[in-house]
$ cat work24.cif   # mmCIF, C-alpha atoms
data_final
loop_
_atom_site.group_PDB
_atom_site.id
_atom_site.type_symbol
_atom_site.label_atom_id
_atom_site.label_comp_id
_atom_site.auth_asym_id
_atom_site.auth_seq_id
_atom_site.Cartn_x
_atom_site.Cartn_y
_atom_site.Cartn_z
ATOM 1 C CA MET D 235 60.580 51.474 25.066
ATOM 2 C CA ASP D 236 57.754 51.685 22.514
ATOM 3 C CA LYS D 237 59.215 48.740 20.638
ATOM 4 C CA GLN D 238 59.489 46.708 23.819
ATOM 5 C CA THR D 239 55.907 47.541 24.791
ATOM 6 C CA GLU D 240 54.723 46.607 21.323
ATOM 7 C CA PHE D 241 56.663 43.345 21.547
ATOM 8 C CA TYR D 242 55.078 42.409 24.890
ATOM 9 C CA LYS D 243 51.603 43.305 23.637
ATOM 10 C CA SER D 244 52.159 41.131 20.577
ATOM 11 C CA LEU D 245 53.539 38.307 22.717
ATOM 12 C CA THR D 246 50.615 38.531 25.135
ATOM 13 C CA ARG D 247 48.138 38.503 22.252
ATOM 14 C CA ASN D 248 49.830 35.465 20.691
ATOM 15 C CA ILE D 249 49.897 33.581 24.027
ATOM 16 C CA VAL D 250 46.203 34.326 24.610
ATOM 17 C CA LEU D 251 45.342 33.120 21.068
ATOM 18 C CA ILE D 252 47.393 29.947 21.551
ATOM 19 C CA VAL D 253 45.760 29.249 24.935
ATOM 20 C CA ILE D 254 42.295 29.807 23.409
ATOM 21 C CA LEU D 255 43.165 27.631 20.420
ATOM 22 C CA VAL D 256 44.600 24.845 22.581
ATOM 23 C CA SER D 257 41.652 25.021 24.981
ATOM 24 C CA PHE D 258 38.820 25.108 22.440
ATOM 25 C CA THR D 259 40.154 22.873 19.634
ATOM 26 C CA PRO D 260 39.537 19.601 21.536
ATOM 27 C CA LEU D 261 36.133 20.891 22.639
ATOM 28 C CA VAL D 262 35.149 21.684 19.044
ATOM 29 C CA LEU D 263 36.457 18.324 17.837
ATOM 30 C CA ILE D 264 34.634 16.400 20.571
ATOM 31 C CA THR D 265 31.414 18.341 19.919
ATOM 32 C CA GLY D 266 31.689 17.596 16.185
ATOM 33 C CA ILE D 267 32.380 13.888 16.713
ATOM 34 C CA VAL D 268 29.606 13.487 19.311
ATOM 35 C CA GLY D 269 27.185 15.419 17.088
ATOM 36 C CA HIS D 270 28.035 13.242 14.087
ATOM 37 C CA GLU D 271 27.672 10.019 16.111
ATOM 38 C CA PHE D 272 24.362 11.192 17.583
ATOM 39 C CA HIS D 273 23.050 12.165 14.129
ATOM 40 C CA THR D 274 24.086 8.805 12.650
ATOM 41 C CA SER D 275 22.574 6.858 15.550
ATOM 42 C CA TYR D 276 19.347 8.884 15.545
ATOM 43 C CA GLN D 277 18.997 8.585 11.766
ATOM 44 C CA GLY D 278 19.496 4.812 12.011
ATOM 45 C CA LYS D 279 16.804 4.541 14.698
ATOM 46 C CA VAL D 280 14.355 6.669 12.698
ATOM 47 C CA ILE D 281 14.907 4.590 9.549
ATOM 48 C CA ALA D 282 14.505 1.350 11.537
ATOM 49 C CA HIS D 283 11.262 2.681 13.061
ATOM 50 C CA LEU D 284 9.925 3.728 9.650
ATOM 51 C CA ARG D 285 10.864 0.363 8.175
ATOM 52 C CA GLU D 286 8.987 -1.418 10.964
ATOM 53 C CA LEU D 287 5.978 0.887 10.509
ATOM 54 C CA VAL D 288 5.870 0.313 6.760
ATOM 55 C CA GLN D 289 6.188 -3.443 7.253
ATOM 56 C CA LYS D 290 3.286 -3.427 9.721
ATOM 57 C CA HIS D 291 1.019 -1.486 7.379
ATOM 58 C CA ARG D 292 2.089 -3.580 4.428
ATOM 59 C CA GLN D 293 0.940 -6.631 6.399
ATOM 60 C CA ASN D 294 -2.375 -4.883 7.198
ATOM 61 C CA ILE D 295 -2.973 -4.188 3.512
ATOM 62 C CA ASP D 296 -2.008 -7.751 2.553
ATOM 63 C CA VAL D 297 -4.424 -9.123 5.159
ATOM 64 C CA PHE D 298 -7.200 -6.841 3.843
ATOM 65 C CA LEU D 299 -6.679 -8.048 0.259
ATOM 66 C CA GLU D 300 -6.318 -11.706 1.235
ATOM 67 C CA GLU D 301 -9.541 -11.521 3.265
ATOM 68 C CA LYS D 302 -11.458 -10.136 0.294
ATOM 69 C CA LEU D 303 -10.019 -12.840 -1.955
ATOM 70 C CA ALA D 304 -10.970 -15.498 0.616
ATOM 71 C CA ASN D 305 -14.540 -14.129 0.759
ATOM 72 C CA ILE D 306 -14.889 -14.483 -3.020
ATOM 73 C CA SER D 307 -13.290 -17.920 -2.909
ATOM 74 C CA VAL D 308 -15.856 -19.126 -0.343
ATOM 75 C CA LEU D 309 -18.638 -18.287 -2.808
ATOM 76 C CA THR D 310 -17.048 -20.344 -5.587
ATOM 77 C CA ASP D 311 -16.445 -23.265 -3.220
ATOM 78 C CA THR D 312 -19.931 -23.164 -1.690
ATOM 79 C CA PHE D 313 -22.169 -22.499 -4.690
ATOM 80 C CA SER D 314 -22.299 -23.941 -8.189
ATOM 81 C CA PHE D 315 -21.645 -22.159 -11.471
ATOM 82 C CA GLU D 316 -25.378 -22.363 -12.239
ATOM 83 C CA GLN D 317 -26.288 -20.681 -8.957
ATOM 84 C CA LEU D 318 -23.723 -17.911 -9.345
ATOM 85 C CA THR D 319 -24.842 -17.110 -12.906
ATOM 86 C CA ASP D 320 -28.357 -16.440 -11.597
ATOM 87 C CA GLU D 321 -28.334 -12.627 -11.221
ATOM 88 C CA VAL D 322 -31.025 -12.612 -8.511
ATOM 89 C CA PHE D 323 -28.934 -15.062 -6.476
ATOM 90 C CA LEU D 324 -25.764 -13.053 -7.148
ATOM 91 C CA LYS D 325 -27.450 -9.807 -6.037
ATOM 92 C CA ARG D 326 -28.479 -11.445 -2.760
ATOM 93 C CA LYS D 327 -24.887 -12.551 -2.149
ATOM 94 C CA LEU D 328 -23.581 -9.064 -2.920
ATOM 95 C CA ALA D 329 -26.081 -7.505 -0.499
ATOM 96 C CA LEU D 330 -24.936 -10.010 2.155
ATOM 97 C CA PHE D 331 -21.280 -9.160 1.506
ATOM 98 C CA GLN D 332 -21.939 -5.425 1.688
ATOM 99 C CA GLU D 333 -23.841 -5.831 4.936
ATOM 100 C CA ASN D 334 -21.191 -7.996 6.593
ATOM 101 C CA TYR D 335 -18.005 -6.427 5.227
ATOM 102 C CA GLY D 336 -18.772 -2.719 5.490
ATOM 103 C CA GLY D 337 -19.375 -2.043 1.820
ATOM 104 C CA ALA D 338 -15.877 -3.069 0.703
ATOM 105 C CA PHE D 339 -17.387 -5.055 -2.194
ATOM 106 C CA VAL D 340 -18.765 -2.817 -4.954
ATOM 107 C CA ASP D 341 -20.024 -5.556 -7.259
ATOM 108 C CA LEU D 342 -19.837 -9.222 -8.221
ATOM 109 C CA GLY D 343 -19.598 -10.706 -11.687
ATOM 110 C CA VAL D 344 -19.257 -14.126 -13.300
ATOM 111 C CA VAL D 345 -17.102 -14.077 -16.442
ATOM 112 C CA ASP D 346 -16.741 -16.995 -18.850
ATOM 113 C CA GLN D 347 -13.527 -18.179 -20.524
ATOM 114 C CA ASN D 348 -14.166 -15.878 -23.500
ATOM 115 C CA GLY D 349 -14.257 -12.804 -21.274
ATOM 116 C CA VAL D 350 -18.040 -12.283 -21.424
ATOM 117 C CA GLN D 351 -19.714 -11.349 -18.144
ATOM 118 C CA LEU D 352 -22.565 -13.841 -17.814
ATOM 119 C CA ALA D 353 -24.049 -12.432 -14.601
ATOM 120 C CA TYR D 354 -23.554 -9.122 -12.804
ATOM 121 C CA ALA D 355 -24.678 -7.639 -9.492
ATOM 122 C CA GLY D 356 -23.756 -4.052 -8.745
ATOM 123 C CA PRO D 357 -24.414 -0.359 -9.410
ATOM 124 C CA PHE D 358 -23.117 -0.241 -13.011
ATOM 125 C CA GLN D 359 -24.603 -1.413 -16.302
ATOM 126 C CA LEU D 360 -22.032 -4.135 -16.898
ATOM 127 C CA SER D 361 -24.179 -7.133 -17.816
ATOM 128 C CA LYS D 362 -22.693 -8.845 -20.885
ATOM 129 C CA ALA D 363 -19.578 -6.657 -20.622
ATOM 130 C CA VAL D 364 -16.644 -8.094 -22.580
ATOM 131 C CA TYR D 365 -13.308 -8.337 -20.757
ATOM 132 C CA SER D 366 -11.420 -10.503 -23.238
ATOM 133 C CA GLN D 367 -8.828 -7.783 -23.895
ATOM 134 C CA ALA D 368 -8.557 -6.600 -20.289
ATOM 135 C CA GLU D 369 -5.164 -7.218 -18.705
ATOM 136 C CA TRP D 370 -6.688 -8.433 -15.434
ATOM 137 C CA PHE D 371 -8.796 -11.037 -17.286
ATOM 138 C CA LYS D 372 -5.804 -12.435 -19.186
ATOM 139 C CA LYS D 373 -3.837 -12.823 -15.946
ATOM 140 C CA ALA D 374 -6.797 -14.183 -13.971
ATOM 141 C CA MET D 375 -7.324 -16.912 -16.589
ATOM 142 C CA HIS D 376 -3.836 -18.248 -15.825
ATOM 143 C CA ASN D 377 -4.059 -18.076 -12.025
ATOM 144 C CA PRO D 378 -6.474 -19.657 -9.552
ATOM 145 C CA TYR D 379 -6.466 -16.398 -7.547
ATOM 146 C CA PHE D 380 -5.737 -12.903 -8.786
ATOM 147 C CA ILE D 381 -5.613 -9.320 -7.418
ATOM 148 C CA SER D 382 -5.219 -6.644 -10.084
ATOM 149 C CA ASP D 383 -3.382 -3.341 -9.998
ATOM 150 C CA VAL D 384 -5.457 -0.160 -9.882
ATOM 151 C CA PHE D 385 -6.851 0.729 -13.323
ATOM 152 C CA LEU D 386 -9.717 2.679 -14.926
ATOM 153 C CA GLY D 387 -11.386 -0.094 -16.948
ATOM 154 C CA LEU D 388 -14.847 0.133 -18.525
ATOM 155 C CA ARG D 389 -16.251 2.388 -15.816
ATOM 156 C CA GLY D 390 -13.544 5.054 -16.204
ATOM 157 C CA MET D 391 -12.916 5.186 -12.450
ATOM 158 C CA PRO D 392 -9.876 3.975 -10.500
ATOM 159 C CA HIS D 393 -10.565 0.557 -9.002
ATOM 160 C CA PHE D 394 -9.055 -2.882 -8.621
ATOM 161 C CA ILE D 395 -10.365 -6.387 -8.868
ATOM 162 C CA VAL D 396 -10.079 -9.594 -6.903
ATOM 163 C CA ALA D 397 -10.867 -12.693 -8.934
ATOM 164 C CA VAL D 398 -11.082 -16.442 -8.418
ATOM 165 C CA GLN D 399 -10.827 -18.839 -11.346
ATOM 166 C CA ARG D 400 -12.717 -22.126 -11.359
ATOM 167 C CA GLN D 401 -13.749 -24.827 -13.852
ATOM 168 C CA SER D 402 -17.160 -26.235 -14.637
ATOM 169 C CA GLU D 403 -17.655 -29.032 -17.167
ATOM 170 C CA GLY D 404 -14.103 -28.535 -18.402
ATOM 171 C CA LYS D 405 -14.558 -24.794 -19.016
ATOM 172 C CA LYS D 406 -12.869 -22.061 -17.026
ATOM 173 C CA TRP D 407 -14.852 -19.232 -15.492
ATOM 174 C CA ILE D 408 -14.095 -16.384 -13.107
ATOM 175 C CA LEU D 409 -15.932 -14.870 -10.177
ATOM 176 C CA ARG D 410 -14.688 -11.310 -9.841
ATOM 177 C CA SER D 411 -15.423 -8.421 -7.514
ATOM 178 C CA THR D 412 -14.494 -4.764 -7.524
ATOM 179 C CA ILE D 413 -13.155 -3.571 -4.185
ATOM 180 C CA ASP D 414 -14.335 -0.168 -2.988
ATOM 181 C CA PHE D 415 -11.419 2.203 -3.523
ATOM 182 C CA VAL D 416 -12.650 4.528 -0.759
ATOM 183 C CA ALA D 417 -12.550 1.671 1.776
ATOM 184 C CA PHE D 418 -9.056 0.772 0.604
ATOM 185 C CA ASN D 419 -7.927 4.416 0.722
ATOM 186 C CA ASN D 420 -9.242 4.711 4.279
ATOM 187 C CA LEU D 421 -7.046 1.791 5.218
ATOM 188 C CA VAL D 422 -4.026 3.475 3.608
ATOM 189 C CA GLU D 423 -4.832 6.907 5.079
ATOM 190 C CA ASN D 424 -4.743 5.432 8.589
ATOM 191 C CA ILE D 425 -0.979 5.149 8.147
ATOM 192 C CA HIS D 426 0.485 8.120 10.024
ATOM 193 C CA ILE D 427 4.014 8.897 11.084
ATOM 194 C CA GLY D 428 3.742 11.100 14.160
ATOM 195 C CA LYS D 429 1.123 13.856 14.141
ATOM 196 C CA THR D 430 1.913 15.389 10.766
ATOM 197 C CA GLY D 431 3.566 12.614 8.750
ATOM 198 C CA LEU D 432 1.743 11.058 5.813
ATOM 199 C CA ALA D 433 2.275 7.799 3.965
ATOM 200 C CA PHE D 434 1.836 7.300 0.243
ATOM 201 C CA ILE D 435 1.506 4.087 -1.729
#
$ encode --input "work24.cif" --output "C-alpha cells"
Amino acid sequence: MDKQTEFYKSLTRNIVLIVILVSFTPLVLITGIVGHEFHTSYQGKVIAHLRELVQKHRQNIDVFLEEKLANISVLTDTFSFEQLTDEVFLKRKLALFQENYGGAFVDLGVVDQNGVQLAYAGPFQLSKAVYSQAEWFKKAMHNPYFISDVFLGLRGMPHFIVAVQRQSEGKKWILRSTIDFVAFNNLVENIHIGKTGLAFI
C-alpha cells in the first residue's frame, strides 16, 4: 500500500511537471523571441535616429565654417592687397565682422608667401609673426580656401584658422582669421540627445 501510494504521488508529481513544462515552454520561447525582435528593432531605430541627429549637426557645423570662410573671401574679393595690409583698415573690418557676426572672428591677418604676417588686427601681439613652418600655412599656400584643425600655435591656446589664398602681382598672399573657439564650442554644445545625452567631437 505504501509503495502504491508512493508510486501515485511520484506519477502525479511527474504529470504536473510535464504539464507545467509543456504549458510554459512555448510561452518562454515566444517571450524570448519577441523580446529579441523588439530589442533588435528598437536598437535599429535608436541608431538610425542618432545617425540622423549627427548628420544634421554635422551639416550645421559645416555651414558655420563655410559661412566664416565666405566672409573672409568677400574681403579678399572686395578690397585690394594694399588696402588689407593697412592695419587701420584691417582693424575697422575686424570690428565690423565682430559686430555683425557675434564675435566669432577673433582676429584678421594678412600673410605673405614667405609666411610673414604683414598686417594684423586683433587682441594678440602678432604683427610680423612668422608662420613659414606652421602646418596650416603650408596647406593654405596650396589651396585657395583652407580650414585648419584645432591647434595651439604661437598663442598657446586651442584655436583654428580659416584662410583664403590670393595673388597680387604674381605673388601669393593669405588673408587668415582665427575663429573664436568659445563660439564654436557653443555650437557643438547645443547638440543634445534627449535630456541627459551629450555629444562629443
$ resolve_selection --input "work24.cif" --expression "the PyMOL selection byres ((chain D and resi 305) around 12)" --output "PDB file with C-alpha atoms, keeping the file's coordinate frame"
ATOM      1  CA  PHE D 298      -7.200  -6.841   3.843  1.00  0.00           C
ATOM      2  CA  LEU D 299      -6.679  -8.048   0.259  1.00  0.00           C
ATOM      3  CA  GLU D 300      -6.318 -11.706   1.235  1.00  0.00           C
ATOM      4  CA  GLU D 301      -9.541 -11.521   3.265  1.00  0.00           C
ATOM      5  CA  LYS D 302     -11.458 -10.136   0.294  1.00  0.00           C
ATOM      6  CA  LEU D 303     -10.019 -12.840  -1.955  1.00  0.00           C
ATOM      7  CA  ALA D 304     -10.970 -15.498   0.616  1.00  0.00           C
ATOM      8  CA  ILE D 306     -14.889 -14.483  -3.020  1.00  0.00           C
ATOM      9  CA  SER D 307     -13.290 -17.920  -2.909  1.00  0.00           C
ATOM     10  CA  VAL D 308     -15.856 -19.126  -0.343  1.00  0.00           C
ATOM     11  CA  LEU D 309     -18.638 -18.287  -2.808  1.00  0.00           C
ATOM     12  CA  THR D 310     -17.048 -20.344  -5.587  1.00  0.00           C
ATOM     13  CA  ASP D 311     -16.445 -23.265  -3.220  1.00  0.00           C
ATOM     14  CA  THR D 312     -19.931 -23.164  -1.690  1.00  0.00           C
ATOM     15  CA  LYS D 327     -24.887 -12.551  -2.149  1.00  0.00           C
ATOM     16  CA  LEU D 328     -23.581  -9.064  -2.920  1.00  0.00           C
ATOM     17  CA  LEU D 330     -24.936 -10.010   2.155  1.00  0.00           C
ATOM     18  CA  PHE D 331     -21.280  -9.160   1.506  1.00  0.00           C
ATOM     19  CA  GLN D 332     -21.939  -5.425   1.688  1.00  0.00           C
ATOM     20  CA  ASN D 334     -21.191  -7.996   6.593  1.00  0.00           C
ATOM     21  CA  TYR D 335     -18.005  -6.427   5.227  1.00  0.00           C
ATOM     22  CA  ALA D 338     -15.877  -3.069   0.703  1.00  0.00           C
ATOM     23  CA  PHE D 339     -17.387  -5.055  -2.194  1.00  0.00           C
ATOM     24  CA  LEU D 342     -19.837  -9.222  -8.221  1.00  0.00           C
ATOM     25  CA  TYR D 379      -6.466 -16.398  -7.547  1.00  0.00           C
ATOM     26  CA  VAL D 396     -10.079  -9.594  -6.903  1.00  0.00           C
ATOM     27  CA  ALA D 397     -10.867 -12.693  -8.934  1.00  0.00           C
ATOM     28  CA  VAL D 398     -11.082 -16.442  -8.418  1.00  0.00           C
ATOM     29  CA  LEU D 409     -15.932 -14.870 -10.177  1.00  0.00           C
ATOM     30  CA  ARG D 410     -14.688 -11.310  -9.841  1.00  0.00           C
ATOM     31  CA  SER D 411     -15.423  -8.421  -7.514  1.00  0.00           C
ATOM     32  CA  ILE D 413     -13.155  -3.571  -4.185  1.00  0.00           C
TER      33      ILE D 413
END
$ resolve_selection --input "work24.cif" --expression "the PyMOL selection byres ((chain D and resi 365-373) around 12)" --output "short mmCIF file (atom, residue, chain, number, x, y, z; two decimals) with C-alpha atoms, in the coordinates of the input"
data_model
loop_
_atom_site.label_atom_id
_atom_site.label_comp_id
_atom_site.auth_asym_id
_atom_site.auth_seq_id
_atom_site.Cartn_x
_atom_site.Cartn_y
_atom_site.Cartn_z
CA GLY D 343 -19.60 -10.71 -11.69
CA VAL D 344 -19.26 -14.13 -13.30
CA VAL D 345 -17.10 -14.08 -16.44
CA ASP D 346 -16.74 -17.00 -18.85
CA GLN D 347 -13.53 -18.18 -20.52
CA ASN D 348 -14.17 -15.88 -23.50
CA GLY D 349 -14.26 -12.80 -21.27
CA VAL D 350 -18.04 -12.28 -21.42
CA GLN D 351 -19.71 -11.35 -18.14
CA LEU D 352 -22.56 -13.84 -17.81
CA LEU D 360 -22.03 -4.14 -16.90
CA SER D 361 -24.18 -7.13 -17.82
CA LYS D 362 -22.69 -8.85 -20.88
CA ALA D 363 -19.58 -6.66 -20.62
CA VAL D 364 -16.64 -8.09 -22.58
CA ALA D 374 -6.80 -14.18 -13.97
CA MET D 375 -7.32 -16.91 -16.59
CA HIS D 376 -3.84 -18.25 -15.82
CA ASN D 377 -4.06 -18.08 -12.02
CA PRO D 378 -6.47 -19.66 -9.55
CA TYR D 379 -6.47 -16.40 -7.55
CA PHE D 380 -5.74 -12.90 -8.79
CA ILE D 381 -5.61 -9.32 -7.42
CA SER D 382 -5.22 -6.64 -10.08
CA ASP D 383 -3.38 -3.34 -10.00
CA VAL D 384 -5.46 -0.16 -9.88
CA PHE D 385 -6.85 0.73 -13.32
CA LEU D 386 -9.72 2.68 -14.93
CA GLY D 387 -11.39 -0.09 -16.95
CA LEU D 388 -14.85 0.13 -18.52
CA HIS D 393 -10.56 0.56 -9.00
CA PHE D 394 -9.06 -2.88 -8.62
CA ILE D 395 -10.36 -6.39 -8.87
CA VAL D 396 -10.08 -9.59 -6.90
CA ALA D 397 -10.87 -12.69 -8.93
CA VAL D 398 -11.08 -16.44 -8.42
CA GLN D 399 -10.83 -18.84 -11.35
CA LYS D 406 -12.87 -22.06 -17.03
CA TRP D 407 -14.85 -19.23 -15.49
CA ILE D 408 -14.10 -16.38 -13.11
CA LEU D 409 -15.93 -14.87 -10.18
CA ARG D 410 -14.69 -11.31 -9.84
CA SER D 411 -15.42 -8.42 -7.51
CA THR D 412 -14.49 -4.76 -7.52
#
$ atom_distance --input "work24.cif" --atom1 "CA of Gly356 (chain D)" --atom2 "CA of Gln401 (chain D)"
23.6 Å
$ atom_distance --input "work24.cif" --atom1 "CA of Lys405 (chain D)" --atom2 "CA of Phe315 (chain D)"
10.7 Å
$ atom_distance --input "work24.cif" --atom1 "CA of Glu271 (chain D)" --atom2 "CA of Val288 (chain D)"
25.6 Å
$ resolve_selection --input "work24.cif" --expression "the PyMOL selection byres ((chain D and resi 321) around 7)" --output "PyMOL selection string"
chain D and resi 319-320+322-325+353-355
